[in-house]
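S.K.: So that you have it, the file is run_1.cif, and it contains mmCIF, C-alpha atoms:
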```cif
data_start
loop_
_atom_site.label_atom_id
_atom_site.label_comp_id
_atom_site.auth_asym_id
_atom_site.auth_seq_id
_atom_site.Cartn_x
_atom_site.Cartn_y
_atom_site.Cartn_z
CA MET S 19 14.63 27.18 1.94
CA ILE S 20 11.00 26.44 0.98
CA ASN S 21 9.01 24.75 3.72
CA ILE S 22 6.43 22.15 2.71
CA VAL S 23 4.34 20.14 5.16
CA ILE S 24 3.25 16.55 4.65
CA GLN S 25 0.42 15.16 6.77
CA HIS S 26 0.79 11.44 7.35
CA ASP S 27 -1.55 9.37 9.51
CA ALA S 28 0.21 5.97 9.42
CA PRO S 29 3.14 6.28 11.86
CA SER S 30 4.09 2.60 11.61
CA MET S 31 6.69 1.34 9.13
CA THR S 32 4.53 -1.73 8.50
CA SER S 33 2.48 0.50 6.20
CA GLY S 34 3.30 0.67 2.50
CA ALA S 35 2.28 4.34 2.61
CA SER S 36 5.02 4.96 5.19
CA HIS S 37 7.67 3.36 2.98
CA SER S 38 6.52 5.46 0.01
CA LEU S 39 6.63 8.59 2.15
CA LEU S 40 10.11 7.89 3.46
CA GLY S 41 11.48 7.31 -0.04
CA LEU S 42 9.89 10.56 -1.22
CA LEU S 43 11.27 12.56 1.70
CA ILE S 44 14.81 11.30 1.12
CA GLN S 45 14.63 12.28 -2.55
CA ILE S 46 13.19 15.72 -1.74
CA LYS S 47 16.04 16.45 0.66
CA LYS S 48 18.59 15.08 -1.78
CA ASN S 49 17.45 16.78 -4.99
CA THR S 50 15.56 19.98 -4.12
CA ASP S 51 15.80 23.10 -1.98
CA TYR S 52 12.51 22.18 -0.26
CA ASN S 53 12.47 21.47 3.46
CA PRO S 54 9.90 18.70 4.08
CA ILE S 55 8.20 18.79 7.49
CA VAL S 56 6.01 15.86 8.49
CA ILE S 57 3.02 16.18 10.80
CA LEU S 58 1.88 13.00 12.59
CA PRO S 59 -1.16 12.56 14.87
CA VAL S 60 0.60 10.14 17.25
CA HIS S 61 4.03 8.66 17.90
CA GLY S 62 5.22 5.58 15.98
CA ASP S 63 8.29 3.70 14.79
CA ILE S 64 8.47 5.83 11.64
CA GLU S 65 10.10 8.43 13.89
CA LYS S 66 13.27 6.33 14.01
CA GLU S 67 13.58 6.61 10.25
CA PHE S 68 12.92 10.35 10.34
CA LYS S 69 15.70 10.83 12.89
CA LYS S 70 18.04 8.59 10.91
CA HIS S 71 17.58 10.74 7.79
CA SER S 72 17.38 14.11 9.60
CA ILE S 73 13.76 14.66 8.58
CA GLU S 74 11.91 17.31 10.58
CA TYR S 75 8.62 16.18 12.08
CA TYR S 76 6.06 17.16 14.74
CA ILE S 77 3.21 15.48 16.58
CA PHE S 78 -0.07 17.40 16.52
CA GLN S 79 -3.26 16.20 18.16
CA GLN S 80 -5.99 15.76 15.54
CA ARG S 81 -9.29 14.79 17.12
CA ASP S 82 -11.54 15.18 14.08
CA ARG S 83 -11.96 11.50 13.20
CA TRP S 84 -12.59 11.17 9.44
CA TYR S 85 -13.62 7.52 9.27
CA ARG S 86 -14.99 4.51 11.12
CA ASP S 87 -14.70 0.77 10.61
CA ILE S 88 -17.66 -0.54 8.63
CA ASN S 89 -18.15 -3.29 11.20
CA ASP S 90 -18.24 -0.87 14.16
CA LYS S 91 -21.64 -0.62 15.79
CA VAL S 92 -23.09 2.87 15.51
CA THR S 93 -24.59 3.60 18.92
CA LEU S 94 -26.16 6.69 20.41
CA ILE S 95 -22.88 7.43 22.17
CA THR S 96 -20.83 7.21 18.95
CA ARG S 97 -23.34 9.45 17.17
CA ILE S 98 -23.05 12.03 19.94
CA LYS S 99 -19.26 11.86 19.76
CA ASP S 100 -19.37 12.36 15.98
CA ILE S 101 -21.51 15.46 16.49
CA VAL S 102 -19.39 16.92 19.30
CA ARG S 103 -15.95 16.06 17.91
CA PRO S 104 -15.82 18.81 15.21
CA TYR S 105 -16.33 21.44 17.92
CA ILE S 106 -13.64 19.96 20.17
CA TYR S 107 -11.08 19.70 17.39
CA LYS S 108 -11.26 23.40 16.51
CA SER S 109 -8.44 24.03 18.96
CA ASP S 110 -6.35 21.45 17.05
CA LEU S 111 -7.09 23.33 13.83
CA VAL S 112 -6.01 26.62 15.40
CA SER S 113 -2.73 25.11 16.61
CA ILE S 114 -1.93 23.73 13.16
CA LYS S 115 -2.80 27.03 11.48
CA ARG S 116 -0.43 28.87 13.80
CA PHE S 117 2.31 26.38 12.99
CA LEU S 118 1.82 26.71 9.22
CA VAL S 119 1.94 30.50 9.46
CA SER S 120 4.96 30.58 11.80
CA ARG S 121 6.97 28.32 9.47
CA LYS S 122 5.83 30.19 6.35
CA VAL S 123 4.73 26.91 4.77
CA GLN S 124 4.17 27.22 1.02
CA LEU S 125 2.59 23.84 0.27
CA VAL S 126 0.75 21.09 2.16
CA HIS S 127 0.68 17.49 0.95
CA VAL S 128 -1.95 15.30 2.63
CA ASN S 129 -0.54 11.83 2.14
CA MET S 130 -3.71 9.76 2.72
CA LEU S 131 -7.40 10.20 1.97
CA PRO S 132 -9.05 9.51 5.35
CA CYS S 133 -7.31 12.31 7.25
CA GLY S 134 -7.25 16.01 6.64
CA THR S 135 -6.97 18.38 9.58
CA VAL S 136 -3.73 19.83 8.19
CA GLY S 137 -5.20 20.07 4.72
CA GLU S 138 -8.29 21.83 6.07
CA ALA S 139 -6.09 24.29 7.98
CA ALA S 140 -4.01 25.00 4.87
CA GLU S 141 -7.09 25.59 2.72
CA ALA S 142 -8.39 28.12 5.26
CA LEU S 143 -5.07 29.97 5.01
CA GLY S 144 -4.94 29.89 1.22
CA ILE S 145 -1.94 27.55 1.15
CA PRO S 146 -1.89 25.18 -1.88
CA VAL S 147 -2.87 21.60 -1.01
CA ILE S 148 -2.00 18.32 -2.74
CA TRP S 149 -4.23 15.40 -1.67
CA HIS S 150 -3.01 11.81 -2.11
CA ILE S 151 -5.53 8.94 -2.33
CA ARG S 152 -3.93 5.62 -1.38
CA GLU S 153 -6.96 3.53 -0.46
CA PHE S 154 -10.36 2.39 -1.68
CA MET S 155 -11.68 2.73 1.90
CA GLU S 156 -14.58 0.23 1.97
CA GLU S 157 -13.07 -2.37 -0.37
CA ASP S 158 -9.59 -2.68 1.10
CA LEU S 159 -9.64 -1.20 4.61
CA ASN S 160 -13.29 -1.78 5.59
CA ARG S 161 -13.56 1.94 6.36
CA GLU S 162 -16.23 4.52 5.61
CA PHE S 163 -16.30 8.29 5.99
CA ILE S 164 -17.94 10.00 8.94
CA SER S 165 -19.79 13.08 7.65
CA LYS S 166 -19.03 12.03 4.07
CA HIS S 167 -20.32 15.17 2.33
CA LYS S 168 -18.17 17.38 4.55
CA ARG S 169 -15.04 15.30 3.81
CA ILE S 170 -15.69 15.37 0.07
CA ARG S 171 -16.13 19.14 0.21
CA ILE S 172 -12.76 19.56 1.97
CA VAL S 173 -10.86 17.30 -0.44
CA ASN S 174 -12.45 19.00 -3.44
CA LYS S 175 -10.83 22.28 -2.37
CA ALA S 176 -7.37 20.77 -2.95
CA ASN S 177 -5.32 22.17 -5.82
CA GLN S 178 -4.43 18.67 -7.03
CA ILE S 179 -5.67 15.18 -6.19
CA ILE S 180 -3.32 12.24 -6.79
CA ALA S 181 -4.32 8.56 -7.01
CA ILE S 182 -1.85 5.69 -6.74
CA SER S 183 -3.57 3.65 -9.48
CA ASN S 184 -6.14 3.97 -12.24
CA SER S 185 -8.45 1.77 -10.18
CA ILE S 186 -8.41 4.34 -7.39
CA LYS S 187 -8.92 7.15 -9.91
CA ASN S 188 -11.87 5.36 -11.50
CA LYS S 189 -13.60 4.92 -8.14
CA PHE S 190 -13.21 8.52 -6.99
CA SER S 191 -13.62 10.36 -10.30
CA SER S 192 -17.36 10.31 -9.72
CA VAL S 193 -16.92 11.49 -6.12
CA PHE S 194 -14.53 14.42 -6.54
CA THR S 195 -14.93 17.21 -9.07
CA LYS S 196 -11.20 17.91 -9.33
CA GLU S 197 -9.16 16.11 -11.97
CA ILE S 198 -7.29 13.17 -10.48
CA LYS S 199 -3.73 12.49 -11.61
CA VAL S 200 -2.33 8.95 -11.38
CA VAL S 201 1.17 8.54 -9.94
CA TYR S 202 2.21 4.98 -9.17
CA ASN S 203 4.22 4.42 -5.99
CA GLY S 204 7.97 3.91 -6.19
CA ILE S 205 10.13 1.29 -4.51
CA ASP S 206 13.50 2.14 -2.99
CA PHE S 207 15.94 -0.45 -4.35
CA ASN S 208 19.58 -0.59 -5.38
CA ILE S 209 20.07 -2.18 -8.79
CA LYS S 210 23.32 -3.69 -7.50
CA ASP S 211 21.29 -5.76 -5.03
CA ILE S 212 18.89 -7.11 -7.67
CA ASN S 213 19.57 -10.64 -8.89
CA LEU S 214 19.10 -10.51 -12.65
CA ASP S 215 19.75 -14.21 -13.20
CA ARG S 216 17.24 -16.08 -11.06
CA LYS S 217 16.88 -19.85 -11.55
CA LEU S 218 13.19 -20.39 -10.85
CA LEU S 219 11.39 -23.71 -10.47
CA SER S 220 14.67 -25.59 -10.42
CA LYS S 221 14.28 -27.26 -7.00
CA GLY S 222 12.32 -30.35 -6.04
CA VAL S 223 9.92 -28.20 -4.05
CA ILE S 224 8.34 -25.04 -5.45
CA ASP S 225 8.51 -22.11 -3.04
CA PHE S 226 5.50 -19.80 -2.94
CA SER S 227 4.99 -16.69 -0.86
CA ILE S 228 2.17 -14.30 -0.04
CA ILE S 229 2.90 -10.96 1.59
CA GLY S 230 0.65 -8.65 3.58
CA ARG S 231 -1.50 -8.28 6.67
CA VAL S 232 -3.13 -11.57 7.61
CA THR S 233 -6.76 -10.59 7.02
CA PRO S 234 -9.53 -11.98 4.81
CA ASN S 235 -9.00 -9.16 2.27
CA LYS S 236 -5.48 -10.42 1.53
CA GLY S 237 -6.57 -13.92 0.49
CA GLN S 238 -4.11 -16.18 2.31
CA TYR S 239 -6.76 -18.84 2.88
CA GLU S 240 -7.69 -18.77 -0.80
CA LEU S 241 -4.09 -19.47 -1.80
CA ILE S 242 -3.65 -22.34 0.67
CA GLU S 243 -6.80 -24.00 -0.66
CA ALA S 244 -5.57 -23.68 -4.24
CA LEU S 245 -2.16 -25.14 -3.41
CA GLU S 246 -3.69 -28.02 -1.46
CA ASN S 247 -6.02 -28.72 -4.37
CA LEU S 248 -2.99 -29.04 -6.64
CA ARG S 249 -1.05 -31.18 -4.16
CA LYS S 250 -3.89 -33.65 -3.75
CA ASN S 251 -4.99 -33.81 -7.39
CA ARG S 252 -1.79 -33.15 -9.36
CA GLY S 253 1.02 -33.95 -6.95
CA LEU S 254 2.35 -30.38 -6.59
CA ASN S 255 5.27 -30.32 -4.17
CA TYR S 256 5.00 -26.86 -2.64
CA ARG S 257 6.08 -24.80 0.34
CA LEU S 258 4.27 -21.56 1.23
CA SER S 259 5.72 -18.70 3.27
CA ILE S 260 3.21 -16.22 4.69
CA PHE S 261 4.82 -12.84 5.39
CA GLY S 262 2.88 -10.32 7.45
CA ASN S 263 1.42 -9.49 10.84
CA ILE S 264 -1.72 -11.24 12.05
CA GLU S 265 -4.43 -8.56 12.19
CA ASP S 266 -7.48 -10.83 12.30
CA ASN S 267 -7.12 -13.59 14.88
CA HIS S 268 -10.37 -15.27 13.87
CA TYR S 269 -9.18 -15.49 10.27
CA TRP S 270 -5.77 -16.82 11.34
CA GLY S 271 -7.55 -19.41 13.49
CA LYS S 272 -9.48 -20.53 10.41
CA ILE S 273 -6.20 -20.88 8.49
CA GLN S 274 -4.57 -22.84 11.33
CA LYS S 275 -7.54 -25.20 11.49
CA TYR S 276 -7.28 -25.88 7.76
CA ILE S 277 -3.51 -26.46 8.02
CA GLU S 278 -3.97 -28.99 10.84
CA GLU S 279 -6.88 -30.80 9.19
CA ASN S 280 -4.87 -31.24 6.01
CA ASP S 281 -1.62 -32.06 7.84
CA VAL S 282 0.46 -29.40 6.05
CA ASN S 283 2.17 -27.78 9.05
CA ASP S 284 5.53 -28.40 7.39
CA ARG S 285 4.39 -26.79 4.12
CA VAL S 286 2.68 -23.59 5.29
CA LEU S 287 4.94 -21.33 7.36
CA LEU S 288 4.10 -18.03 9.04
CA LYS S 289 7.19 -15.83 8.72
CA GLY S 290 5.71 -12.63 10.20
CA TYR S 291 6.44 -9.08 9.15
CA VAL S 292 9.72 -8.38 7.34
CA THR S 293 11.26 -4.97 6.69
CA ASP S 294 13.09 -5.95 3.50
CA VAL S 295 10.65 -7.89 1.35
CA ILE S 296 12.92 -8.20 -1.67
CA ASP S 297 15.66 -9.80 0.40
CA ALA S 298 13.18 -12.06 2.23
CA ILE S 299 11.81 -13.57 -1.00
CA LYS S 300 15.03 -13.74 -3.01
CA GLU S 301 14.92 -17.56 -2.97
CA GLU S 302 11.18 -17.86 -3.61
CA ASP S 303 9.84 -19.03 -6.97
CA ILE S 304 6.34 -17.55 -7.11
CA VAL S 305 4.73 -14.60 -5.33
CA CYS S 306 0.94 -14.67 -5.21
CA VAL S 307 -1.09 -11.49 -4.72
CA CYS S 308 -4.56 -12.68 -3.78
CA SER S 309 -6.03 -9.49 -2.32
CA LYS S 310 -9.65 -8.69 -3.04
CA GLN S 311 -8.79 -5.13 -4.01
CA GLU S 312 -5.28 -3.66 -3.80
CA ALA S 313 -5.12 0.10 -4.18
CA PHE S 314 -1.66 -0.31 -5.72
CA GLY S 315 0.14 -3.40 -4.51
CA ARG S 316 3.67 -2.61 -3.37
CA VAL S 317 4.38 -6.32 -2.85
CA THR S 318 3.54 -6.98 -6.50
CA ILE S 319 6.44 -4.80 -7.62
CA GLU S 320 8.71 -6.13 -4.86
CA GLY S 321 7.99 -9.66 -6.09
CA MET S 322 8.94 -8.66 -9.63
CA LEU S 323 12.11 -6.92 -8.46
CA ALA S 324 13.12 -10.06 -6.56
CA GLY S 325 12.91 -11.97 -9.85
CA CYS S 326 9.94 -14.08 -8.78
CA LEU S 327 7.06 -15.00 -11.04
CA VAL S 328 4.04 -12.99 -9.86
CA ILE S 329 0.53 -14.42 -10.01
CA GLY S 330 -2.09 -11.82 -9.12
CA ALA S 331 -5.83 -11.34 -8.86
CA ASN S 332 -7.56 -9.57 -11.72
CA SER S 333 -8.78 -6.76 -9.48
CA GLY S 334 -7.74 -3.29 -8.34
CA GLY S 335 -4.19 -2.10 -8.82
CA THR S 336 -2.91 -5.68 -9.14
CA ALA S 337 -4.58 -6.02 -12.55
CA GLU S 338 -2.75 -2.88 -13.72
CA LEU S 339 0.70 -4.13 -12.67
CA VAL S 340 0.40 -7.82 -13.56
CA ILE S 341 -0.02 -7.75 -17.32
CA ASP S 342 -1.27 -11.25 -18.04
CA GLY S 343 1.25 -13.34 -19.93
CA LYS S 344 3.78 -10.49 -20.05
CA THR S 345 4.82 -9.37 -16.55
CA GLY S 346 3.03 -12.14 -14.67
CA PHE S 347 -0.20 -14.14 -14.67
CA GLN S 348 -3.70 -13.10 -13.67
CA TYR S 349 -6.46 -15.25 -12.20
CA LYS S 350 -10.10 -14.51 -11.36
CA GLN S 351 -10.12 -13.11 -7.84
CA GLY S 352 -12.00 -15.30 -5.36
CA ASP S 353 -12.10 -18.29 -7.73
CA ILE S 354 -10.07 -21.18 -6.29
CA SER S 355 -10.27 -23.17 -9.54
CA SER S 356 -8.98 -20.23 -11.56
CA LEU S 357 -6.05 -19.72 -9.19
CA SER S 358 -5.24 -23.45 -9.21
CA ASN S 359 -5.32 -23.60 -13.00
CA VAL S 360 -3.07 -20.56 -13.41
CA ILE S 361 -0.54 -21.91 -10.91
CA TRP S 362 -0.48 -25.31 -12.61
CA SER S 363 -0.08 -23.73 -16.04
CA ALA S 364 2.86 -21.69 -14.75
CA VAL S 365 4.74 -24.53 -13.06
CA SER S 366 4.11 -26.88 -16.00
CA ASP S 367 6.08 -24.65 -18.36
CA PRO S 368 9.18 -23.47 -16.42
CA ASP S 369 10.84 -21.87 -19.45
CA ARG S 370 7.82 -19.65 -20.09
CA ALA S 371 7.49 -18.86 -16.38
CA ILE S 372 11.15 -17.77 -16.21
CA ARG S 373 10.78 -15.63 -19.33
CA ILE S 374 7.74 -13.84 -17.93
CA ALA S 375 9.40 -13.38 -14.54
CA ASN S 376 12.36 -11.77 -16.30
CA ASN S 377 9.99 -9.48 -18.20
CA GLY S 378 8.31 -8.52 -14.94
CA GLN S 379 11.64 -7.75 -13.31
CA ARG S 380 12.71 -5.44 -16.16
CA TYR S 381 9.29 -3.78 -16.11
CA ALA S 382 9.57 -3.07 -12.38
CA ILE S 383 13.14 -1.78 -12.63
CA ASN S 384 12.28 0.58 -15.49
CA ASN S 385 9.01 1.97 -14.13
CA PHE S 386 8.81 1.81 -10.35
CA SER S 387 11.97 3.27 -8.85
CA VAL S 388 11.58 5.70 -5.96
CA GLU S 389 13.53 8.26 -8.02
CA HIS S 390 10.94 8.13 -10.82
CA TYR S 391 8.11 8.39 -8.30
CA ALA S 392 9.68 11.35 -6.48
CA ASP S 393 10.34 13.20 -9.73
CA GLN S 394 6.64 13.06 -10.59
CA ILE S 395 5.54 14.28 -7.16
CA ILE S 396 8.13 17.07 -7.10
CA ASN S 397 7.01 18.24 -10.55
CA ILE S 398 3.47 18.54 -9.16
CA TYR S 399 4.80 20.56 -6.22
CA LYS S 400 6.52 22.94 -8.62
CA GLN S 401 3.19 23.85 -10.23
CA TYR S 402 2.02 25.42 -6.96
CA ILE S 403 5.18 26.79 -5.31
#
```
Is it possible to give me this structure as structure tokens?
M.R.:
Amino acid sequence: MINIVIQHDAPSMTSGASHSLLGLLIQIKKNTDYNPIVILPVHGDIEKEFKKHSIEYYIFQQRDRWYRDINDKVTLITRIKDIVRPYIYKSDLVSIKRFLVSRKVQLVHVNMLPCGTVGEAAEALGIPVIWHIREFMEEDLNREFISKHKRIRIVNKANQIIAISNSIKNKFSSVFTKEIKVVYNGIDFNIKDINLDRKLLSKGVIDFSIIGRVTPNKGQYELIEALENLRKNRGLNYRLSIFGNIEDNHYWGKIQKYIEENDVNDRVLLKGYVTDVIDAIKEEDIVCVCSKQEAFGRVTIEGMLAGCLVIGANSGGTAELVIDGKTGFQYKQGDISSLSNVIWSAVSDPDRAIRIANNGQRYAINNFSVEHYADQIINIYKQYI
């Protein structure tokens, strides 16, 4: 049995990275003789899934903080902590090194960019390292590196760097000297559960949905404004479901105020976080992806798999997945008029909208299965084991 370790710093199953990891782990156990071992920094609900699928995992303290929120105030105290922390965390590094040696680990896969204690330990031991970039940092998570040059130096020592979209690759190609390979995420779905004969735009009301954390970067407010513009000026009869946890209360308060002022409480519904997105939106007509900059956009593919028409911003990974006029429609991100016009064009020609939604569904089925994703990652592993 070949032991490989995967460092993962998002222990909640609300993270798309966690869903991608779980799908990969299941495929590794199913189709290879590798034994995947996950290292987490803290406890989280992902542990339930690990136990369910008999996935080995351990919690290791990792006090070397790689990033800070851009909006955090940098004070004298935080600067002192940033200086002292690398010395404190050396004991964490020693513990992880001992673990890697004791388990005779032959490969380490760091599953996110802004974390790397396990990767650093592996590099010191001469163990091959794969480094996965799943985020833009500043543009999507409002995060920036602490001790940026040091972090870049550590990641550059990796044997292979993987990006989850060409947009991510394009950003970091000028940062890292190593070649970056693009591997799109996979979605775990059963083709038997996919409705291949959706009847879109056939009801009196058109059902829209937007999926993701309720934060300004996800664009919920932008979509509500566009829909209200169409209701008032063109008579659009819509209903919008917002799926996702509220992470910015000020932003949600702004949305609530707009809903109340325009008397659309019965049209805009907060549904909260859902574990099975495809099932949750199976009766929806249109999924809108209004994020400022998606690194990949798991919900884009989930919308396609559900048979919905996907309308997405022309930015980040969304622009790579939503091929305008073929797998969905694109609009100019941040432009309410552009979004309104694209929505109206789509609902005004139901036959075309259905045809494009069907194309998108086939595209997602053929290219974004978790099996296809896992095969690509496993083939990279094989180059270094």
S.K.: Between S:Arg257, S:Lys210, S:His390, S:Lys300, which residue has the minimum interatomic distance to S:Gln45, considering only C-alpha atoms?
M.R.: S:His390
S.K.: Residues of stretch 186-255 of chain S that have any atom at most 12 Å from an atom of stretch 347-365 of chain S: could you tabulate them with the shortest-distance atom pair and the distance in Å to one decimal, using all atoms listed in the file, ordered by chain and increasing number, as CSV?
M.R.:
```
residue,atom,partner,partner_atom,distance
S:Leu218,CA,S:Val365,CA,9.7
S:Leu219,CA,S:Val365,CA,7.2
S:Ser220,CA,S:Val365,CA,10.3
S:Lys221,CA,S:Val365,CA,11.6
S:Gly222,CA,S:Val365,CA,11.9
S:Val223,CA,S:Val365,CA,11.0
S:Ile224,CA,S:Val365,CA,8.4
S:Asp225,CA,S:Val365,CA,11.0
S:Phe226,CA,S:Ile361,CA,10.2
S:Pro234,CA,S:Gly352,CA,11.0
S:Asn235,CA,S:Gly352,CA,10.2
S:Lys236,CA,S:Gly352,CA,10.7
S:Gly237,CA,S:Gly352,CA,8.1
S:Gln238,CA,S:Gly352,CA,11.0
S:Tyr239,CA,S:Ile354,CA,10.0
S:Glu240,CA,S:Ile354,CA,6.5
S:Leu241,CA,S:Leu357,CA,7.6
S:Ile242,CA,S:Ile354,CA,9.5
S:Glu243,CA,S:Ile354,CA,7.1
S:Ala244,CA,S:Ser358,CA,5.0
S:Leu245,CA,S:Ser358,CA,6.8
S:Glu246,CA,S:Ser358,CA,9.1
S:Asn247,CA,S:Ser358,CA,7.2
S:Leu248,CA,S:Ser358,CA,6.6
S:Arg249,CA,S:Ser358,CA,10.1
S:Lys250,CA,S:Ser358,CA,11.6
S:Asn251,CA,S:Ser358,CA,10.5
S:Arg252,CA,S:Trp362,CA,8.6
S:Gly253,CA,S:Trp362,CA,10.4
S:Leu254,CA,S:Trp362,CA,8.4
S:Asn255,CA,S:Val365,CA,10.6
```
S.K.: Write out, as an mmCIF file, in the frame of the given file, the residues just selected, with C-alpha atoms.
M.R.:
```cif
data_model
loop_
_atom_site.group_PDB
_atom_site.id
_atom_site.type_symbol
_atom_site.label_atom_id
_atom_site.label_comp_id
_atom_site.auth_asym_id
_atom_site.auth_seq_id
_atom_site.Cartn_x
_atom_site.Cartn_y
_atom_site.Cartn_z
ATOM 1 C CA LEU S 218 13.190 -20.390 -10.850
ATOM 2 C CA LEU S 219 11.390 -23.710 -10.470
ATOM 3 C CA SER S 220 14.670 -25.590 -10.420
ATOM 4 C CA LYS S 221 14.280 -27.260 -7.000
ATOM 5 C CA GLY S 222 12.320 -30.350 -6.040
ATOM 6 C CA VAL S 223 9.920 -28.200 -4.050
ATOM 7 C CA ILE S 224 8.340 -25.040 -5.450
ATOM 8 C CA ASP S 225 8.510 -22.110 -3.040
ATOM 9 C CA PHE S 226 5.500 -19.800 -2.940
ATOM 10 C CA PRO S 234 -9.530 -11.980 4.810
ATOM 11 C CA ASN S 235 -9.000 -9.160 2.270
ATOM 12 C CA LYS S 236 -5.480 -10.420 1.530
ATOM 13 C CA GLY S 237 -6.570 -13.920 0.490
ATOM 14 C CA GLN S 238 -4.110 -16.180 2.310
ATOM 15 C CA TYR S 239 -6.760 -18.840 2.880
ATOM 16 C CA GLU S 240 -7.690 -18.770 -0.800
ATOM 17 C CA LEU S 241 -4.090 -19.470 -1.800
ATOM 18 C CA ILE S 242 -3.650 -22.340 0.670
ATOM 19 C CA GLU S 243 -6.800 -24.000 -0.660
ATOM 20 C CA ALA S 244 -5.570 -23.680 -4.240
ATOM 21 C CA LEU S 245 -2.160 -25.140 -3.410
ATOM 22 C CA GLU S 246 -3.690 -28.020 -1.460
ATOM 23 C CA ASN S 247 -6.020 -28.720 -4.370
ATOM 24 C CA LEU S 248 -2.990 -29.040 -6.640
ATOM 25 C CA ARG S 249 -1.050 -31.180 -4.160
ATOM 26 C CA LYS S 250 -3.890 -33.650 -3.750
ATOM 27 C CA ASN S 251 -4.990 -33.810 -7.390
ATOM 28 C CA ARG S 252 -1.790 -33.150 -9.360
ATOM 29 C CA GLY S 253 1.020 -33.950 -6.950
ATOM 30 C CA LEU S 254 2.350 -30.380 -6.590
ATOM 31 C CA ASN S 255 5.270 -30.320 -4.170
#
```
S.K.: Applied to the shown file, which residues does the PyMOL selection byres ((chain S and resi 299) around 12) return, written as a ChimeraX atom specification?
M.R.: /S:212-213,216,225-229,258-261,289,292-298,300-306,317-318,320-328
S.K.: The PyMOL selection byres ((chain S and resi 200) around 8) - which residues does that actually catch in the file I just gave you? List them as a PDB file with C-alpha atoms, in the coordinates of the input.
M.R.:
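Output saved as out-v7.pdb:
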```
ATOM      1  CA  ILE S 180      -3.320  12.240  -6.790  1.00  0.00           C
ATOM      2  CA  ALA S 181      -4.320   8.560  -7.010  1.00  0.00           C
ATOM      3  CA  ILE S 182      -1.850   5.690  -6.740  1.00  0.00           C
ATOM      4  CA  SER S 183      -3.570   3.650  -9.480  1.00  0.00           C
ATOM      5  CA  ASN S 184      -6.140   3.970 -12.240  1.00  0.00           C
ATOM      6  CA  LYS S 187      -8.920   7.150  -9.910  1.00  0.00           C
ATOM      7  CA  ILE S 198      -7.290  13.170 -10.480  1.00  0.00           C
ATOM      8  CA  LYS S 199      -3.730  12.490 -11.610  1.00  0.00           C
ATOM      9  CA  VAL S 201       1.170   8.540  -9.940  1.00  0.00           C
ATOM     10  CA  TYR S 202       2.210   4.980  -9.170  1.00  0.00           C
TER      11      TYR S 202
END
```
S.K.: Just checking: using all atoms listed in the file, which residue out of S:Met155, S:Leu42, S:Ile20, S:Ile98 ends up closest to S:Arg121?
M.R.: S:Ile20
S.K.: Work out how far apart atom CA of S:Lys344 and atom CA of S:Ile374 are and give it in Å to one decimal.
M.R.: 5.6 Å
S.K.: To test your reading of the syntax: which residues would the PyMOL selection byres ((chain S and resi 27) around 7) return for the file shown? Reply as a list in words.
M.R.: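 So the PyMOL selection byres ((chain S and resi 27) around 7), applied here, picks out Gln25, His26, Ala28, Pro29, Leu58, Pro59 and Cys133 of chain S.
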S.K.: Please produce a file of the residues just selected, as a compact mmCIF listing (two decimals), in the coordinates of the input, where the atoms kept are C-alpha atoms.
M.R.:
```
# COMPACT_ATOMS: atom_id res chain seq x y z
CA GLN S 25 0.42 15.16 6.77
CA HIS S 26 0.79 11.44 7.35
CA ALA S 28 0.21 5.97 9.42
CA PRO S 29 3.14 6.28 11.86
CA LEU S 58 1.88 13.00 12.59
CA PRO S 59 -1.16 12.56 14.87
CA CYS S 133 -7.31 12.31 7.25
```
S.K.: Could you tell me how far atom CA of S:Tyr75 lies from atom CA of S:His127, in Å and to one decimal?
M.R.: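 Those two atoms sit 13.7 Å apart.
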S.K.: Under the rule that only C-alpha atoms are counted, which of S:Arg231, S:Lys217, S:Lys272, S:Arg152 is the nearest residue to S:Val307?
M.R.: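 Closest candidate: S:Arg231.
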S.K.: Atom CA of S:Pro132 and atom CA of S:Leu94, how far apart in Å?
M.R.: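 Between atom CA of S:Leu94 and atom CA of S:Pro132 the gap works out to 23.0 Å.
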S.K.: Return the padded bounding box of stretch 117-128 of chain S as lines of an AutoDock Vina configuration file: axis-aligned, built from all atoms listed in the file, 3 Å added on each side, with centre and edge lengths in Å to one decimal.
M.R.:
```
center_x = 2.5
center_y = 22.9
center_z = 6.6
size_x = 14.9
size_y = 21.3
size_z = 18.7
```
S.K.: Between S:Val23, S:Leu43, S:Ile164, S:Ile205, which one has atoms that come closest to S:Ala139, using all atoms listed in the file?
M.R.: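 Looking at the shortest contact to S:Ala139, the residue is S:Val23.
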S.K.: Within 6 Å of (-8.4, -6.1, -2.7), in the coordinates the file gives, what residues turn up when you count only C-alpha atoms, written out as number ranges by chain?
M.R.: S: 158, 235, 309-312
S.K.: Can you tell me which residues surround S:Met31 at a distance of at most 9 Å, considering all atoms listed in the file, apart from same-chain residues fewer than 6 positions away, and format the answer as a list of chain:residue names?
M.R.: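 What passes the distance filter is S:His37, S:Gly62, S:Asp63, S:Ile64, S:Glu67, S:Thr293.
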S.K.: Just checking: using only C-alpha atoms, which residue out of S:Asn53, S:Tyr399, S:Ile148, S:Leu288 ends up closest to S:Asn263?
M.R.: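 Selected residue with least distance to S:Asn263: S:Leu288.
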S.K.: Rank nothing, just name the residue among S:Thr233, S:Thr195, S:Asn397, S:Ser120 nearest to S:Ile170, using only C-alpha atoms.
M.R.: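 The closest residue to S:Ile170 is S:Thr195.
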S.K.: Neighbouring residues of S:Val126 were defined as those with any atom within 6 Å, considering all atoms listed in the file; residues of the same chain fewer than 3 positions away were excluded. Please report them as a PyMOL selection string.
M.R.: chain S and resi 22-24+147
